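Participant: Quick one: the structure is below, questions incoming.
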Amino acid sequence: MSADQFLQYLISGLTMGSIYALVGLGFTIIYAVTRIINFAQGEFVMLGGMLSFTLAVSAGLPLAPAIILSVLIAAAIGAIMYLFAIRPARNASVVSLIIITIGVAIFIRGIAGELWGVDFVRPPYWAGSESIRFFGAYIHPQALWIIGTTLAVTVLLHLFLSYTMVGKALKACAINPRAAGLVGVNAKTMALIAFALAAAIGGIGGVVMAPLTLTSYNVGVMLGLKGFVAASIGGFKSPIAAVVGGITLGIIESLSVGLDWGPFTSAYKDVIALVVLLLILLLWSGRLTEEERAG
Amino acid sequence: MKKYLTWSVMLLMVVALVAVSANCSSTEEEVVTYKVGALFSTTGGASNLGVPEENTVKMVVDQINDAGGINGHPLEVIIYNDETNSEKCVTLATKLIEQDEVLAIIGPTTSGNSVAIIETITTAEIPLISCAANIGIIEPVGERYWIFKTPQTDKEAIGEIYAYLASINISDIAIISNTSGFGATGRAILLDDADDYGITVVDDQVFNEGDTSVQSQLTHIGGTDAEAVVCWDTDKGSAIVALDMQTLQMDIPLFCSHGIANQAFIDAAGATANGVIFPAGKLIIVDDIPASDPQKDVLTQYRDDYEVIYGNGTINTFGGHAWDALQMVVMALEDLDIEDPYESADSLADARAAIRDSIEQITGFVGISGIFDMSADNHLGMRAGSLAMIEIVDGKWTWHQ
Amino acid sequence: MLEMVKSHWALLATATLLLFLILIPFDWFLGQYTTLMIFIGISTIVTVGLCLLMGYTGQVSLGQAAFYGLGAYFSAVLSKTYSVDPWLAMLIAAAVTGSFAYVIGFPIFRLRGNYLAMATLGLGLIMWILFRQLSQITGGPDGMAGIPYLSVGGFVFDTSFKRYFLVWFFCLATLFISQNIVRSRSGRALRAIHGSEAAAESIGINATQFKVKIFVLSAVYASLAGSLLAHHLRFVSPQSFDFLASVKFVVMAVIGGLASIWGAIFGAGTTRILSDELLLGFGQWDVVIYGAILVVVMIFMPEGLFVKLKELLDRWRLRYTQRETEP
């Protein structure tokens with residue numbers, strides 16, 4: 001592998017990893033505030049992309065309003081999901097909640113499949129379609145947008161959580177819901193905000209990624225899974241760790257193709273994420289169960 | 001416990017009565033309608049292939065019935081959607097055979113589904129004309145007595161590409177394929193046949209269905225001496241390959257499979273589709289082929305008929321496969337001696353066997369996919385030269401000679 | 001006479017149900033549903049295992065299709081490629097799948113709720129990828145055909161009619177076995193664990209060991225079902241064992257009722273009728289309905305639909321008999 005190739009692998013990995021990071025952020029936010037793993041997270045990414053196509057191409061809206069509207073709709077769907085599927089479940093067991101979020105995920109996917117069909121769509125690029133030379137490698141302008149957006153979202157999220165009232169309330173809920181309740185933080189409102197926020201972030205991921213990668217109704221499954229792996233690297237607690245986890249996963253996947261372990265490596269690219277997942281689950285399970293028992 | 005049993009029994013009694021009475025009723029027919037079955041994937045991953053197939057069949061059935069049917073018998077084609085799912089395909093095939101009592105079946109759309117129903121078809125002794133590519137559908141011929149197909153095999157398509165590459169002195173290539181059935185079959189043939197044309201495969205990359213980027217794989221290819229990239233997948237994956245090759249500014253030519261003979265590829269790949277070369281049936285460049293070509297009239301007629309109903313620019317080589325299959329069944333029905341195939345189980349079996357024999361004897365049939373000469377050793381029987389090399393120029397298909 | 005009928009009502013009703021089941025595949029009765037019933041029978045076997053797993057361990061497996069597929073592929077490859085006797089192949093498949101479940105069961109059951117679900121999800125996906133990729137053995141993404149029929153002596157199960165009885169024999173057998181397990185000492189231990197793991201452990205029950213046993217049992221059931229599928233379709237393909245297949249089994253278990261055994265037939269039945277009869281050809285709508293079912297049932301009747309229906313029936317009956325006794 002030459003230095004140029006290595007750089008190219010890094011860039012490709014960084015691009016995909018940014019998407020995984022955004023999905024992972026969504027998982028982390030919802031889990032931190034509500035202790036729920038939202039299996040539908042990947043679907044919000046899919047919705048963001050599909051909606052931006054419909055609004056920008058089919059409906060002919062200019063790009064900026066189409067993007068913003070897509071994200072808002074995704075956020076609204078997240079909120080609806082919470083209000084109609086999660087909140088009514090009240091004191092349901094962990095298993096029930098898992099099944100509920102899976103139900104929502106396949107529900108959304110099925111409707112998307114009917115509304116948009118099985119065809120793939122490509123919304124227009126945000127700026128430029130010629131790739132840019134970067135030392136020995138090439139990077140597409142949309143990829144720059146993806147990486148930049150992920151950074152921006154991470155920074156903004158951090159600021160939001162640390163310096164705004166709502167953000168701090170969310171953080172408090174994540175750390176100790178009962179104590180937060182005692183100082184007037186309404187857990188249900190925080191949960192609603194968490195779902196809407198996670199859906200919005202997922203939507204942003206979808207919107208910025210779709211022009212580069214072609215999107216269709218079933219991209220949510222694998223993206224959701226890889227985002228989950230990213231979030232689990234962060235222990236589901238730290239947004240920063242989720243971002244780092246996602247990017248790392250993207251880079252590892254990309255480099256695996258370059259390492260020449262035989263013709264099967266590129267076929268097993270997805271397996272890497274799954275194996276990482278299982279390793280994390282099995283190795284950290286001891287620590288996790290203790291926390292579960294305490295919480 | 002007792003009460004549930006009571007309720008269950010009562011419920012089941014009602015169901016039983018309804019069922020038995022439904023089975024005892026029958027319908028009267030004056031003129032026997034010839035029933036043919038069709039299995040197409042109109043939803044699911046292969047819907048881009050299945051929908052034009054279904055459209056074509058409906059169009060032909062209307063044309064035939066408007067002209068008075070087949071020897072006065074109306075034609076009915078019962079079309080089921082197998083949703084690109086092999087389990088459902090097997091179930092539906094059984095339904096067509098046992099419940100609907102069809103005389104022959106055309107389809108399925110995909111190779112996977114075709115292979116799935118081979119056992120069912122052979123055991124039921126009913127003729128099948130598949131619209132899928134895999135050569136394993138009709139070989140070994142000794143075990144495929146009842147099964148025919150109309151599309152060119154992947155082997156022939158790859159042969160065209162390799163012959164072309166050899167003619168422009170390209171000897172080192174990289175291949176990239178999908179891990180799906182279509183892609184995996186193509187990959188195996190690409191690797192096997194390369195030597196015959198003096199071609200060396202210097203890199204062999206794969207990607208999965210649903211992958212959104214193949215940049216890593218292409219980067220790997222970029223580090224080799226490959227003079228061209230051959231991509232084996234249908235439209236989506238091929239479009240991603242084309243897009244990513246552009247991003248990485250790879251200037252070696254891209255060759256694709258006949259699976260991209262679809263407007264969807266051009267729409268998705270945009271400007272990067274230009275310059276892509278692939279083999280396909282002559283249907284998509286019908287206006288460019290000379291009048292001396294025996295297929296010209298059939299192709300033009302089909303194109304005109306189809307686009308009147310379904311719109312301009314909607315023709316698709318996959319619909320053509322279905323046209324060929326149905327026409328062959330119709331030709332066999334025209335020769336059918338049996339007045340009422342539905343009289344008894346024996347007459348149905350005889351009719352099916354007779355149709356099979358007629359299909360096997362078809363020669364010189366000018367179809368959409370090519371010109372067919374069926375025989376006992378060859379249940380595809382397509383004459384060479386059925387494929388043309390197509391280049392996409394300015395978003396349009398042009399004949400590359 | 002009437003008295004005799006009344007007192008033996010349970011026996012008579014059961015006999016009638018059995019008769020109904022036996023008559024279904026006949027053409028003059030409900031013969032056109034034979035294939036549907038075969039699929040329902042096969043799915044029930046998987047569902048029972050999942051119901052027991054979910055009901056008694058409180059955990060969910062999102063990867064039952066992995067075991068279902070292992071059973072199908074082992075049976076397919078052994079009996080076709082290596083000409084092993086199909087029954088022996090089925091046994092080997094069940095043994096291998098069960099052992100596999102045993103080995104991974106211990107580390108997995110140390111995880112809780114969410115993590116166990118994800119682990120089984122990951123497992124299911126890995127198996128699916130392997131089924132597709134190891135094409136030398138499995139035939140790749142298009143699957144493999146030419147799997148032989150099951151046969152006993154000279155009697156070959158070569159028609160749907162014959163296979164119907166074979167499948168339902170196994171189905172009813174697993175249901176009876178499961179019922180016996182639940183009523184046995186092990187069953188009581190399981191219920192104790194389900195009630196309160198801490199309390200169960202305090203009286204000396206090793207919760208993890210029991211959970212793993214149920215996991216293994218569910219895997220063996222799924223493997224058996226997979227083998228039956230392979231010898232019915234005479235074809236296996238990775239398509240039957242993807243994530244959606246695992247989700248469908250969860251839907252069946254949820255409708256049938258967690259910890260319910262006979263409810264499994266109800267769950268498998270309704271789901272299969274939805275996907276193979278009512279919604280056939282309607283694209284994605286069956287998936288949409290599964291999603292809705294999962295959400296609605298888990299919110300309003302987390303013990304399962306069938307169980308809830310039984311409860312409602314009980315309550316209605318109670319009110320009815322109360323009115324009867326009032327003057």
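Just remember, in the structure tokens the first chain shown is A, the second B, etc., residues are 1-based per chain, and ligands are 1-based in the order shown.
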Compute the set of chain A residues within 8 Å of chain C, using only C-alpha atoms, and express it as JSON, numbers by chain.
Facilitator: {"A": [37, 85, 88, 89, 92, 94, 95, 96, 97, 98, 99, 100, 101, 102, 103, 104, 105, 106, 107, 108, 109, 110, 111, 113, 114, 267, 268, 271, 274, 275, 277, 278, 281, 282, 285, 286, 288, 289, 292]}
Participant: Within 7 Å of chain B, which residues of chain A show up when using only C-alpha atoms, listed as a PyMOL selection string?
Facilitator: chain A and resi 5+8-9+12+118+121-122+130-131+138-140+213-214+219+254+257-258+263+266-267
Participant: Which polymer residues have any atom within 8 Å of an atom of stretch 173-181 of chain C, counting only C-alpha atoms, with same-chain residues fewer than 3 positions away left out, as a compact mmCIF listing (two decimals) with N, CA, C and O atoms, in the first residue's frame?
Facilitator:
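What landed in selection37.txt:
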```txt
# COMPACT_ATOMS: atom_id res chain seq x y z
N ILE C 45 -42.94 -24.33 15.28
CA ILE C 45 -41.86 -24.98 16.01
C ILE C 45 -40.83 -23.94 16.46
O ILE C 45 -40.37 -23.96 17.61
N VAL C 48 -42.49 -21.59 19.25
CA VAL C 48 -42.60 -22.14 20.60
C VAL C 48 -41.30 -21.91 21.36
O VAL C 48 -41.29 -21.46 22.51
N PHE C 169 -46.77 -33.58 12.74
CA PHE C 169 -46.37 -34.54 13.77
C PHE C 169 -45.28 -33.92 14.63
O PHE C 169 -45.35 -33.92 15.86
N PHE C 170 -44.26 -33.38 13.95
CA PHE C 170 -43.18 -32.75 14.70
C PHE C 170 -43.67 -31.54 15.48
O PHE C 170 -43.24 -31.31 16.62
N SER C 184 -42.76 -29.38 34.55
CA SER C 184 -41.84 -30.19 35.37
C SER C 184 -41.14 -29.31 36.40
O SER C 184 -41.41 -28.12 36.52
N ARG C 185 -40.21 -29.91 37.09
CA ARG C 185 -39.45 -29.17 38.10
C ARG C 185 -38.68 -28.04 37.44
O ARG C 185 -38.61 -26.94 37.97
N SER C 186 -38.14 -28.35 36.25
CA SER C 186 -37.40 -27.29 35.55
C SER C 186 -38.31 -26.12 35.25
O SER C 186 -37.93 -24.96 35.37
N GLY C 187 -39.54 -26.45 34.89
CA GLY C 187 -40.49 -25.40 34.57
C GLY C 187 -40.77 -24.52 35.76
O GLY C 187 -40.85 -23.29 35.65
N TYR C 221 -35.04 -26.34 18.53
CA TYR C 221 -36.34 -26.29 17.86
C TYR C 221 -36.20 -25.61 16.50
O TYR C 221 -36.69 -26.09 15.49
N ILE C 261 -47.59 -21.71 25.11
CA ILE C 261 -47.15 -22.77 24.22
C ILE C 261 -48.12 -22.95 23.07
O ILE C 261 -47.78 -22.87 21.91
N TRP C 262 -49.37 -23.20 23.38
CA TRP C 262 -50.35 -23.41 22.32
C TRP C 262 -50.64 -22.11 21.59
O TRP C 262 -51.05 -22.12 20.43
```
Participant: Ranking C:Asp276, C:Glu311, C:Asp85, C:Asp242 by minimum distance to chain B and counting only C-alpha atoms, which one comes first?
Facilitator: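 Among the listed residues, C:Asp276 lies closest to chain B.
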Participant: Counting only C-alpha atoms, which residues of chain C sit at most 9 Å from some atom of chain B, and what is each one's closest atom pair with its distance in Å to one decimal, listed by chain and rising residue number, as a tab-separated table?
Facilitator:
```
residue	atom	partner	partner_atom	distance
C:Trp9	CA	B:Lys2	CA	7.0
C:Ala10	CA	B:Lys2	CA	5.4
C:Ala13	CA	B:Leu5	CA	5.8
C:Thr14	CA	B:Leu5	CA	7.0
C:Thr16	CA	B:Val9	CA	6.9
C:Leu17	CA	B:Val9	CA	6.4
C:Phe20	CA	B:Leu12	CA	7.6
C:Ile24	CA	B:Ala16	CA	8.9
C:Asp27	CA	B:Asn23	CA	8.1
C:Trp28	CA	B:Val20	CA	6.2
C:Phe29	CA	B:Val20	CA	5.1
C:Leu30	CA	B:Ala19	CA	6.0
C:Gln32	CA	B:Gln99	CA	7.0
C:Thr35	CA	B:Thr91	CA	7.2
C:Leu36	CA	B:Thr91	CA	8.4
C:Arg132	CA	B:Thr179	CA	7.8
C:Gln133	CA	B:Thr179	CA	7.5
C:Gly140	CA	B:Gly181	CA	7.1
C:Pro141	CA	B:Gly181	CA	5.0
C:Asp142	CA	B:Gly112	CA	4.5
C:Gly143	CA	B:Gly112	CA	7.0
C:Met144	CA	B:Ala116	CA	7.8
C:Ala145	CA	B:Ala116	CA	6.4
C:Gly146	CA	B:Glu119	CA	6.9
C:Leu233	CA	B:Val90	CA	7.3
C:Arg234	CA	B:Glu119	CA	7.2
C:Phe235	CA	B:Ala116	CA	5.9
C:Val236	CA	B:Ala116	CA	7.9
C:Ser237	CA	B:Ser86	CA	7.4
C:Gln239	CA	B:Asn85	CA	6.9
C:Ser240	CA	B:Glu87	CA	7.0
C:Asp276	CA	B:Lys88	CA	7.6
C:Leu280	CA	B:Asn81	CA	7.8
C:Gly281	CA	B:Asn81	CA	5.2
C:Phe282	CA	B:Thr43	CA	8.1
C:Gly283	CA	B:Thr43	CA	5.6
C:Gln284	CA	B:Thr43	CA	8.4
C:Lys310	CA	B:Tyr4	CA	8.3
C:Leu313	CA	B:Tyr4	CA	8.7
```
Participant: May I have the residues within 7 Å of B:Thr200 as a ChimeraX atom specification, using only C-alpha atoms and disregarding those fewer than 3 positions away in the same chain?
Facilitator: /B:171-173,194-195
Participant: So that I have them on file, write out the residues from the current selection with C-alpha atoms, as a PDB file, in the first residue's frame.
Facilitator:
```
ATOM      1  CA  SER B 171      -4.991  -7.476 -21.231  1.00  0.00           C
ATOM      2  CA  ASP B 172      -4.935  -6.490 -17.553  1.00  0.00           C
ATOM      3  CA  ILE B 173      -8.248  -5.756 -15.899  1.00  0.00           C
ATOM      4  CA  ALA B 194     -10.359 -14.536 -18.754  1.00  0.00           C
ATOM      5  CA  ASP B 195      -7.587 -16.849 -19.967  1.00  0.00           C
TER       6      ASP B 195
END
```
Participant: Just to confirm, what's the straight-line distance from atom CA of B:Ile266 to atom CA of A:Ile146 in Å (one decimal)?
Facilitator: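 Answer for the atom CA of B:Ile266 to atom CA of A:Ile146 separation: 24.8 Å.
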Participant: Could you pull out the residues in stretch 82-145 of chain B that DSSP calls helix (DSSP H, G or I) from the backbone, as a ChimeraX atom specification?
Facilitator: /B:86-99,111-124,135-137,141-143
Participant: Which residues in stretch 36-281 of chain C does DSSP call strand (DSSP E)? List them as a PyMOL selection string.
Facilitator: chain C and resi 144-145+151-152+155-156+235-236
Participant: Between B:Ala388, B:Ile70, B:Leu49, B:Ala188, which one has atoms that come closest to B:Asp335, using only C-alpha atoms?
Facilitator: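 Among the listed residues, the smallest separation from B:Asp335 belongs to B:Ile70.
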Participant: Which neighbours of C:Ile265 fall inside 8 Å, counting only C-alpha atoms, when residues of the same chain fewer than 6 positions from it are skipped, and could you give them as a PDB file with N, CA, C and O atoms, in the first residue's frame?
Facilitator:
```pdb
ATOM      1  N   ILE C  40     -47.035 -22.889   8.400  1.00  0.00           N
ATOM      2  CA  ILE C  40     -47.460 -22.533   9.750  1.00  0.00           C
ATOM      3  C   ILE C  40     -46.887 -23.519  10.761  1.00  0.00           C
ATOM      4  O   ILE C  40     -46.380 -23.135  11.821  1.00  0.00           O
ATOM      5  N   GLY C  41     -46.931 -24.804  10.403  1.00  0.00           N
ATOM      6  CA  GLY C  41     -46.391 -25.809  11.307  1.00  0.00           C
ATOM      7  C   GLY C  41     -44.909 -25.596  11.569  1.00  0.00           C
ATOM      8  O   GLY C  41     -44.438 -25.638  12.706  1.00  0.00           O
ATOM      9  N   THR C  44     -44.374 -22.575  13.678  1.00  0.00           N
ATOM     10  CA  THR C  44     -44.785 -22.789  15.065  1.00  0.00           C
ATOM     11  C   THR C  44     -43.660 -23.398  15.878  1.00  0.00           C
ATOM     12  O   THR C  44     -43.434 -23.028  17.027  1.00  0.00           O
ATOM     13  N   GLY C 256     -48.497 -14.667  19.745  1.00  0.00           N
ATOM     14  CA  GLY C 256     -48.839 -15.910  20.397  1.00  0.00           C
ATOM     15  C   GLY C 256     -48.804 -15.812  21.906  1.00  0.00           C
ATOM     16  O   GLY C 256     -49.491 -16.548  22.586  1.00  0.00           O
TER      17      GLY C 256
END
```
Participant: Which residues are close to A:Gly48, i.e. within 10 Å by only C-alpha atoms, leaving aside same-chain residues fewer than 4 positions away? Reply as a PyMOL selection string.
Facilitator: chain A and resi 43-44+52-53+67-75+199-210+215
Participant: Could you save the residues just selected, with N, CA and C atoms, as a short mmCIF file (atom, residue, chain, number, x, y, z; two decimals), in the first residue's frame?
Facilitator:
```cif
data_model
loop_
_atom_site.label_atom_id
_atom_site.label_comp_id
_atom_site.auth_asym_id
_atom_site.auth_seq_id
_atom_site.Cartn_x
_atom_site.Cartn_y
_atom_site.Cartn_z
N GLU A 43 -33.31 4.58 10.64
CA GLU A 43 -34.39 5.00 9.74
C GLU A 43 -34.47 6.51 9.63
N PHE A 44 -34.08 7.24 10.69
CA PHE A 44 -34.12 8.70 10.60
C PHE A 44 -33.10 9.21 9.59
N SER A 52 -35.11 14.82 1.56
CA SER A 52 -34.42 15.89 0.87
C SER A 52 -34.50 15.71 -0.63
N PHE A 53 -34.52 14.46 -1.08
CA PHE A 53 -34.68 14.22 -2.51
C PHE A 53 -36.07 14.67 -2.98
N ILE A 67 -33.40 21.12 2.66
CA ILE A 67 -32.59 20.44 3.68
C ILE A 67 -33.15 20.71 5.06
N ILE A 68 -33.41 21.98 5.34
CA ILE A 68 -33.90 22.34 6.68
C ILE A 68 -35.24 21.68 6.95
N LEU A 69 -36.11 21.71 5.95
CA LEU A 69 -37.43 21.12 6.13
C LEU A 69 -37.32 19.62 6.37
N SER A 70 -36.41 18.96 5.63
CA SER A 70 -36.23 17.51 5.81
C SER A 70 -35.83 17.20 7.24
N VAL A 71 -34.89 17.97 7.76
CA VAL A 71 -34.43 17.71 9.13
C VAL A 71 -35.56 17.95 10.12
N LEU A 72 -36.33 19.01 9.89
CA LEU A 72 -37.43 19.30 10.81
C LEU A 72 -38.47 18.19 10.79
N ILE A 73 -38.77 17.70 9.56
CA ILE A 73 -39.76 16.61 9.48
C ILE A 73 -39.23 15.38 10.20
N ALA A 74 -37.94 15.10 10.02
CA ALA A 74 -37.37 13.95 10.71
C ALA A 74 -37.51 14.13 12.22
N ALA A 75 -37.22 15.32 12.70
CA ALA A 75 -37.33 15.59 14.13
C ALA A 75 -38.78 15.39 14.59
N ALA A 199 -33.48 12.30 16.36
CA ALA A 199 -34.02 12.14 15.01
C ALA A 199 -33.49 13.24 14.11
N ALA A 200 -33.39 14.46 14.65
CA ALA A 200 -32.88 15.58 13.85
C ALA A 200 -31.44 15.32 13.43
N ILE A 201 -30.63 14.86 14.39
CA ILE A 201 -29.23 14.57 14.07
C ILE A 201 -29.14 13.47 13.03
N GLY A 202 -29.96 12.44 13.18
CA GLY A 202 -29.99 11.38 12.18
C GLY A 202 -30.38 11.94 10.82
N GLY A 203 -31.39 12.81 10.84
CA GLY A 203 -31.85 13.42 9.61
C GLY A 203 -30.75 14.23 8.94
N ILE A 204 -30.01 14.97 9.76
CA ILE A 204 -28.90 15.76 9.22
C ILE A 204 -27.90 14.83 8.54
N GLY A 205 -27.61 13.72 9.18
CA GLY A 205 -26.69 12.75 8.59
C GLY A 205 -27.20 12.29 7.23
N GLY A 206 -28.47 11.96 7.19
CA GLY A 206 -29.05 11.47 5.95
C GLY A 206 -29.00 12.51 4.86
N VAL A 207 -29.34 13.72 5.22
CA VAL A 207 -29.40 14.82 4.25
C VAL A 207 -28.04 15.12 3.64
N VAL A 208 -27.00 15.09 4.46
CA VAL A 208 -25.67 15.46 3.94
C VAL A 208 -25.02 14.28 3.22
N MET A 209 -25.46 13.07 3.51
CA MET A 209 -24.83 11.90 2.93
C MET A 209 -25.47 11.48 1.60
N ALA A 210 -26.76 11.69 1.48
CA ALA A 210 -27.49 11.16 0.32
C ALA A 210 -26.94 11.60 -1.04
N THR A 215 -29.35 6.94 -1.99
CA THR A 215 -30.09 6.44 -0.85
C THR A 215 -31.36 5.72 -1.30
#
```
Participant: Of the candidates B:Lys396, B:Ile126, B:Ser257, B:Gly319, which one gets nearest to B:Ala271 if we count only C-alpha atoms?
Facilitator: B:Lys396
Participant: Would you mind reading off the distance between atom CA of A:Cys173 and atom CA of A:Ala191, one decimal, in Å?
Facilitator: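 Separation between atom CA of A:Cys173 and atom CA of A:Ala191: 8.9 Å.
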Participant: What does the distance between atom CA of C:Leu228 and atom CA of C:Ala76 come to in Å, to one decimal place?
Facilitator: 10.1 Å
